[in-house]
file coords.cif (mmCIF, N, CA and C atoms)
data_my_file
loop_
_atom_site.label_atom_id
_atom_site.label_comp_id
_atom_site.auth_asym_id
_atom_site.auth_seq_id
_atom_site.Cartn_x
_atom_site.Cartn_y
_atom_site.Cartn_z
N MET D 275 0.84 -1.18 0.00
CA MET D 275 0.00 0.00 0.00
C MET D 275 0.89 1.24 0.00
N THR D 276 0.47 2.23 -0.74
CA THR D 276 1.25 3.47 -0.78
C THR D 276 1.01 4.25 0.52
N PHE D 277 1.94 5.14 0.82
CA PHE D 277 1.81 5.97 2.02
C PHE D 277 0.59 6.88 1.90
N ILE D 278 0.32 7.35 0.70
CA ILE D 278 -0.84 8.21 0.47
C ILE D 278 -2.14 7.46 0.76
N ASP D 279 -2.24 6.22 0.29
CA ASP D 279 -3.43 5.41 0.57
C ASP D 279 -3.56 5.14 2.07
N PHE D 280 -2.44 4.93 2.73
CA PHE D 280 -2.42 4.72 4.18
C PHE D 280 -2.98 5.95 4.90
N LYS D 281 -2.53 7.13 4.49
CA LYS D 281 -3.01 8.37 5.10
C LYS D 281 -4.51 8.55 4.88
N LYS D 282 -5.00 8.15 3.71
CA LYS D 282 -6.44 8.23 3.43
C LYS D 282 -7.23 7.32 4.38
N LEU D 283 -6.68 6.14 4.64
CA LEU D 283 -7.34 5.22 5.58
C LEU D 283 -7.37 5.81 6.98
N LEU D 284 -6.28 6.47 7.37
CA LEU D 284 -6.26 7.10 8.69
C LEU D 284 -7.33 8.18 8.77
N LEU D 285 -7.50 8.95 7.70
CA LEU D 285 -8.56 9.96 7.67
C LEU D 285 -9.93 9.31 7.82
N ASP D 286 -10.13 8.18 7.13
CA ASP D 286 -11.40 7.45 7.24
C ASP D 286 -11.62 6.94 8.66
N ALA D 287 -10.53 6.64 9.35
CA ALA D 287 -10.61 6.16 10.73
C ALA D 287 -10.64 7.31 11.73
N GLU D 288 -10.56 8.54 11.20
CA GLU D 288 -10.53 9.76 12.02
C GLU D 288 -9.34 9.76 12.97
N LEU D 289 -8.18 9.39 12.41
CA LEU D 289 -6.93 9.35 13.16
C LEU D 289 -5.85 10.18 12.47
N THR D 290 -4.97 10.74 13.27
CA THR D 290 -3.75 11.36 12.74
C THR D 290 -2.63 10.34 12.93
N ILE D 291 -1.49 10.59 12.32
CA ILE D 291 -0.36 9.68 12.53
C ILE D 291 0.03 9.61 14.00
N PRO D 292 0.16 10.76 14.71
CA PRO D 292 0.50 10.65 16.13
C PRO D 292 -0.53 9.85 16.95
N LYS D 293 -1.81 10.02 16.66
CA LYS D 293 -2.84 9.28 17.39
C LYS D 293 -2.78 7.80 17.04
N PHE D 294 -2.52 7.50 15.76
CA PHE D 294 -2.39 6.10 15.32
C PHE D 294 -1.23 5.42 16.03
N THR D 295 -0.07 6.09 16.05
CA THR D 295 1.12 5.48 16.67
C THR D 295 0.94 5.30 18.17
N GLU D 296 0.27 6.25 18.81
CA GLU D 296 0.02 6.11 20.26
C GLU D 296 -0.92 4.95 20.51
N LEU D 297 -1.92 4.79 19.67
CA LEU D 297 -2.90 3.72 19.84
C LEU D 297 -2.28 2.34 19.70
N ILE D 298 -1.42 2.15 18.70
CA ILE D 298 -0.83 0.83 18.47
C ILE D 298 0.55 0.68 19.10
N LYS D 299 1.00 1.72 19.81
CA LYS D 299 2.25 1.70 20.57
C LYS D 299 3.48 1.44 19.71
N VAL D 300 3.61 2.20 18.64
CA VAL D 300 4.82 2.16 17.82
C VAL D 300 5.38 3.58 17.73
N SER D 301 6.62 3.67 17.35
CA SER D 301 7.28 4.96 17.24
C SER D 301 6.74 5.73 16.04
N GLU D 302 6.47 7.01 16.27
CA GLU D 302 6.02 7.85 15.17
C GLU D 302 7.10 7.96 14.09
N LYS D 303 8.35 7.93 14.51
CA LYS D 303 9.46 7.99 13.55
C LYS D 303 9.41 6.81 12.58
N ASN D 304 9.05 5.63 13.09
CA ASN D 304 8.96 4.45 12.22
C ASN D 304 7.91 4.65 11.13
N ILE D 305 6.76 5.16 11.53
CA ILE D 305 5.68 5.37 10.56
C ILE D 305 6.07 6.46 9.56
N GLN D 306 6.66 7.54 10.06
CA GLN D 306 7.08 8.63 9.17
C GLN D 306 8.15 8.16 8.18
N ALA D 307 8.96 7.17 8.57
CA ALA D 307 10.00 6.66 7.67
C ALA D 307 9.38 6.02 6.42
N TYR D 308 8.18 5.50 6.55
CA TYR D 308 7.52 4.89 5.39
C TYR D 308 7.16 5.94 4.35
N LYS D 309 7.06 7.18 4.76
CA LYS D 309 6.76 8.27 3.82
C LYS D 309 7.88 8.37 2.78
N LYS D 310 9.13 8.25 3.22
CA LYS D 310 10.26 8.30 2.30
C LYS D 310 10.27 7.11 1.36
N LYS D 311 9.88 5.96 1.90
CA LYS D 311 9.84 4.73 1.08
C LYS D 311 8.62 4.71 0.16
N LYS D 312 7.65 5.58 0.47
CA LYS D 312 6.40 5.69 -0.30
C LYS D 312 5.55 4.44 -0.23
N GLU D 313 5.84 3.58 0.74
CA GLU D 313 5.11 2.33 0.87
C GLU D 313 5.02 1.95 2.35
N VAL D 314 3.92 1.34 2.72
CA VAL D 314 3.68 0.95 4.11
C VAL D 314 3.67 -0.59 4.17
N PRO D 315 4.27 -1.17 5.23
CA PRO D 315 4.24 -2.63 5.36
C PRO D 315 2.82 -3.17 5.46
N ASN D 316 2.65 -4.41 5.07
CA ASN D 316 1.33 -5.04 5.06
C ASN D 316 0.63 -4.98 6.42
N THR D 317 1.37 -5.21 7.49
CA THR D 317 0.73 -5.23 8.82
C THR D 317 0.16 -3.86 9.18
N ILE D 318 0.92 -2.82 8.91
CA ILE D 318 0.46 -1.45 9.22
C ILE D 318 -0.73 -1.09 8.32
N ALA D 319 -0.65 -1.47 7.06
CA ALA D 319 -1.74 -1.21 6.12
C ALA D 319 -3.01 -1.95 6.56
N SER D 320 -2.85 -3.19 7.00
CA SER D 320 -4.00 -3.98 7.45
C SER D 320 -4.66 -3.37 8.67
N ILE D 321 -3.84 -2.91 9.61
CA ILE D 321 -4.38 -2.28 10.82
C ILE D 321 -5.17 -1.02 10.45
N ALA D 322 -4.59 -0.19 9.59
CA ALA D 322 -5.27 1.05 9.18
C ALA D 322 -6.58 0.74 8.46
N ALA D 323 -6.58 -0.27 7.61
CA ALA D 323 -7.80 -0.64 6.87
C ALA D 323 -8.89 -1.13 7.84
N CYS D 324 -8.49 -1.92 8.81
CA CYS D 324 -9.46 -2.40 9.81
C CYS D 324 -10.03 -1.25 10.63
N PHE D 325 -9.16 -0.33 11.04
CA PHE D 325 -9.64 0.83 11.80
C PHE D 325 -10.62 1.66 10.98
N ALA D 326 -10.32 1.86 9.70
CA ALA D 326 -11.20 2.65 8.83
C ALA D 326 -12.56 1.96 8.69
N LYS D 327 -12.55 0.66 8.47
CA LYS D 327 -13.79 -0.10 8.31
C LYS D 327 -14.61 -0.09 9.61
N MET D 328 -13.94 -0.31 10.73
CA MET D 328 -14.65 -0.32 12.01
C MET D 328 -15.26 1.05 12.30
N ASN D 329 -14.52 2.11 12.00
CA ASN D 329 -15.03 3.46 12.22
C ASN D 329 -16.27 3.71 11.35
N LYS D 330 -16.20 3.26 10.10
CA LYS D 330 -17.33 3.42 9.18
C LYS D 330 -18.56 2.67 9.69
N ASP D 331 -18.31 1.50 10.31
CA ASP D 331 -19.41 0.67 10.81
C ASP D 331 -19.85 1.06 12.23
N GLY D 332 -19.24 2.12 12.78
CA GLY D 332 -19.64 2.59 14.10
C GLY D 332 -19.07 1.81 15.27
N VAL D 333 -18.02 1.05 15.02
CA VAL D 333 -17.38 0.28 16.09
C VAL D 333 -16.30 1.16 16.74
N ASP D 334 -16.32 1.24 18.06
CA ASP D 334 -15.32 2.04 18.77
C ASP D 334 -14.04 1.23 18.93
N PHE D 335 -13.24 1.20 17.88
CA PHE D 335 -12.02 0.40 17.87
C PHE D 335 -10.99 0.90 18.86
N LYS D 336 -11.05 2.17 19.23
CA LYS D 336 -10.06 2.73 20.17
C LYS D 336 -10.17 2.04 21.53
N ILE D 337 -11.39 1.77 21.96
CA ILE D 337 -11.58 1.05 23.23
C ILE D 337 -11.09 -0.39 23.09
N LEU D 338 -11.42 -1.02 21.96
CA LEU D 338 -10.97 -2.40 21.74
C LEU D 338 -9.45 -2.51 21.82
N ILE D 339 -8.76 -1.56 21.18
CA ILE D 339 -7.30 -1.60 21.16
C ILE D 339 -6.72 -1.25 22.53
N SER D 340 -7.29 -0.26 23.20
CA SER D 340 -6.77 0.11 24.52
C SER D 340 -6.97 -1.02 25.53
N ASP D 341 -8.03 -1.80 25.36
CA ASP D 341 -8.27 -2.96 26.25
C ASP D 341 -7.20 -4.04 26.10
N LEU D 342 -6.46 -4.02 24.99
CA LEU D 342 -5.38 -4.99 24.79
C LEU D 342 -4.17 -4.69 25.68
N LYS D 343 -4.12 -3.46 26.21
CA LYS D 343 -3.00 -3.03 27.06
C LYS D 343 -1.65 -3.26 26.38
N LEU D 344 -1.56 -2.80 25.14
CA LEU D 344 -0.31 -2.93 24.39
C LEU D 344 0.77 -2.10 25.07
N GLU D 345 2.01 -2.54 24.93
CA GLU D 345 3.14 -1.82 25.50
C GLU D 345 4.13 -1.48 24.41
N LYS D 346 4.67 -0.28 24.49
CA LYS D 346 5.67 0.15 23.53
C LYS D 346 6.95 -0.65 23.77
N LYS D 347 7.54 -1.17 22.73
CA LYS D 347 8.77 -1.94 22.84
C LYS D 347 9.96 -1.02 22.98
N GLU D 348 10.88 -1.40 23.83
CA GLU D 348 12.11 -0.64 24.01
C GLU D 348 13.18 -1.23 23.10
N LYS D 349 14.01 -0.36 22.55
CA LYS D 349 15.10 -0.84 21.70
C LYS D 349 16.15 -1.51 22.56
N LYS D 350 16.64 -2.65 22.08
CA LYS D 350 17.66 -3.40 22.81
C LYS D 350 18.80 -3.71 21.86
N GLY D 351 19.93 -4.03 22.43
CA GLY D 351 21.06 -4.44 21.61
C GLY D 351 22.15 -3.40 21.60
N ALA D 352 23.17 -3.67 20.82
CA ALA D 352 24.33 -2.79 20.75
C ALA D 352 23.93 -1.41 20.26
N GLY D 353 24.46 -0.39 20.93
CA GLY D 353 24.19 0.98 20.50
C GLY D 353 22.95 1.59 21.11
N PHE D 354 22.17 0.80 21.85
CA PHE D 354 20.96 1.32 22.48
C PHE D 354 21.09 1.25 23.99
N SER D 355 22.01 2.01 24.53
CA SER D 355 22.21 1.99 25.98
C SER D 355 21.08 2.76 26.66
N LYS D 356 20.81 2.36 27.88
CA LYS D 356 19.77 3.05 28.66
C LYS D 356 20.31 4.40 29.08
N LYS D 357 19.43 5.38 29.09
CA LYS D 357 19.81 6.69 29.57
C LYS D 357 19.95 6.62 31.09
N LYS D 358 20.98 7.23 31.59
CA LYS D 358 21.21 7.22 33.02
C LYS D 358 20.28 8.22 33.69
N SER D 359 19.74 7.79 34.82
CA SER D 359 18.87 8.70 35.57
C SER D 359 19.73 9.75 36.25
N SER D 360 19.10 10.79 36.70
CA SER D 360 19.84 11.88 37.36
C SER D 360 20.52 11.38 38.63
N LYS D 361 19.92 10.40 39.31
CA LYS D 361 20.54 9.83 40.51
C LYS D 361 21.83 9.08 40.17
N GLU D 362 21.81 8.32 39.06
CA GLU D 362 23.02 7.61 38.65
C GLU D 362 24.12 8.56 38.26
N LYS D 363 23.76 9.67 37.65
CA LYS D 363 24.75 10.66 37.26
C LYS D 363 25.41 11.29 38.49
N LEU D 364 24.62 11.49 39.54
CA LEU D 364 25.13 12.09 40.76
C LEU D 364 26.08 11.17 41.52
N LYS D 365 25.91 9.86 41.37
CA LYS D 365 26.75 8.89 42.06
C LYS D 365 28.18 8.96 41.58
N LYS D 366 28.39 9.36 40.35
CA LYS D 366 29.75 9.39 39.78
C LYS D 366 30.53 10.51 40.28
#
call {"tool": "encode", "arguments": {"input": "coords.cif", "output": "structure tokens"}}
result
Amino acid sequence: MTFIDFKKLLLDAELTIPKFTELIKVSEKNIQAYKKKKEVPNTIASIAACFAKMNKDGVDFKILISDLKLEKKEKKGAGFSKKKSSKEKLKK
């Protein structure tokens, strides 16, 4: 799906990109990166299409998704060190 078609689906779902990313707990930067690629992955496209259809049919999908209690994933691995808290900085 093209990024433009994705944005149209978000409009049909009455969502902005920031609201969409908060709802599904993904980074807004990740979604914005698809704009440069001009294409959206199948999973993101499918979610947007479902949200648009549910909104059209009067289903409150926002409650359904929030009830899932999704959690934003933290980056792990080399190069993704945790930021030190102010208390840790003071210990040094």
call {"tool": "residues_around", "arguments": {"input": "coords.cif", "residues": "Asn329 in chain D", "least_positions_apart": "4", "cutoff": "7 Å", "atoms": "all atoms listed in the file", "output": "list in words"}}
result
Asp286, Ala287, Glu288, Cys324, Phe325, Val333, Asp334 and Phe335 of chain D
call {"tool": "residues_around", "arguments": {"input": "coords.cif", "residues": "range 292-305 of chain D", "least_positions_apart": "6", "cutoff": "7 Å", "atoms": "all atoms listed in the file", "output": "PyMOL selection string"}}
result
chain D and resi 339-340+344-347
call {"tool": "atom_distance", "arguments": {"input": "coords.cif", "atom1": "CA of Ile318 in chain D", "atom2": "CA of Asp331 in chain D"}}
result
20.0 Å
call {"tool": "atom_distance", "arguments": {"input": "coords.cif", "atom1": "CA of Ile291 in chain D", "atom2": "CA of Lys309 in chain D"}}
result
11.3 Å
call {"tool": "atom_distance", "arguments": {"input": "coords.cif", "atom1": "CA of Asp279 in chain D", "atom2": "CA of Ala326 in chain D"}}
result
11.7 Å
call {"tool": "select_by_dssp", "arguments": {"input": "coords.cif", "residues": "chain D", "states": "alpha helix (DSSP H)", "output": "NGL selection string"}}
result
:D and (277-286 or 291-298 or 302-311 or 316-330 or 335-340 or 360-365)
call {"tool": "closest_residue", "arguments": {"input": "coords.cif", "among": "D:Thr290, D:Phe277, D:Lys350, D:Leu283", "to": "Tyr308 in chain D", "atoms": "only N, CA and C atoms"}}
result
D:Phe277
call {"tool": "axis_aligned_box", "arguments": {"input": "coords.cif", "around": "range 331-341 of chain D", "padding_each_side": "3 Å", "output": "JSON"}}
result
{"center_x": -13.3, "center_y": -0.7, "center_z": 18.3, "size_x": 19.1, "size_y": 12.8, "size_z": 21.9}
call {"tool": "decode", "arguments": {"input": "coords.cif", "residues": "range 277-296 of chain D", "atoms": "C-alpha atoms", "output": "PDB file, in the first residue's frame"}}
result
ATOM      1  CA  PHE D 277       1.812   5.965   2.016  1.00  0.00           C
ATOM      2  CA  ILE D 278      -0.841   8.215   0.473  1.00  0.00           C
ATOM      3  CA  ASP D 279      -3.427   5.408   0.574  1.00  0.00           C
ATOM      4  CA  PHE D 280      -2.422   4.723   4.177  1.00  0.00           C
ATOM      5  CA  LYS D 281      -3.009   8.371   5.105  1.00  0.00           C
ATOM      6  CA  LYS D 282      -6.442   8.229   3.433  1.00  0.00           C
ATOM      7  CA  LEU D 283      -7.339   5.221   5.575  1.00  0.00           C
ATOM      8  CA  LEU D 284      -6.259   7.098   8.686  1.00  0.00           C
ATOM      9  CA  LEU D 285      -8.558   9.958   7.667  1.00  0.00           C
ATOM     10  CA  ASP D 286     -11.395   7.452   7.242  1.00  0.00           C
ATOM     11  CA  ALA D 287     -10.605   6.158  10.730  1.00  0.00           C
ATOM     12  CA  GLU D 288     -10.532   9.755  12.016  1.00  0.00           C
ATOM     13  CA  LEU D 289      -6.928   9.355  13.164  1.00  0.00           C
ATOM     14  CA  THR D 290      -3.746  11.355  12.743  1.00  0.00           C
ATOM     15  CA  ILE D 291      -0.360   9.680  12.526  1.00  0.00           C
ATOM     16  CA  PRO D 292       0.501  10.646  16.134  1.00  0.00           C
ATOM     17  CA  LYS D 293      -2.842   9.276  17.389  1.00  0.00           C
ATOM     18  CA  PHE D 294      -2.395   6.100  15.319  1.00  0.00           C
ATOM     19  CA  THR D 295       1.116   5.482  16.668  1.00  0.00           C
ATOM     20  CA  GLU D 296       0.020   6.113  20.255  1.00  0.00           C
TER      21      GLU D 296
END
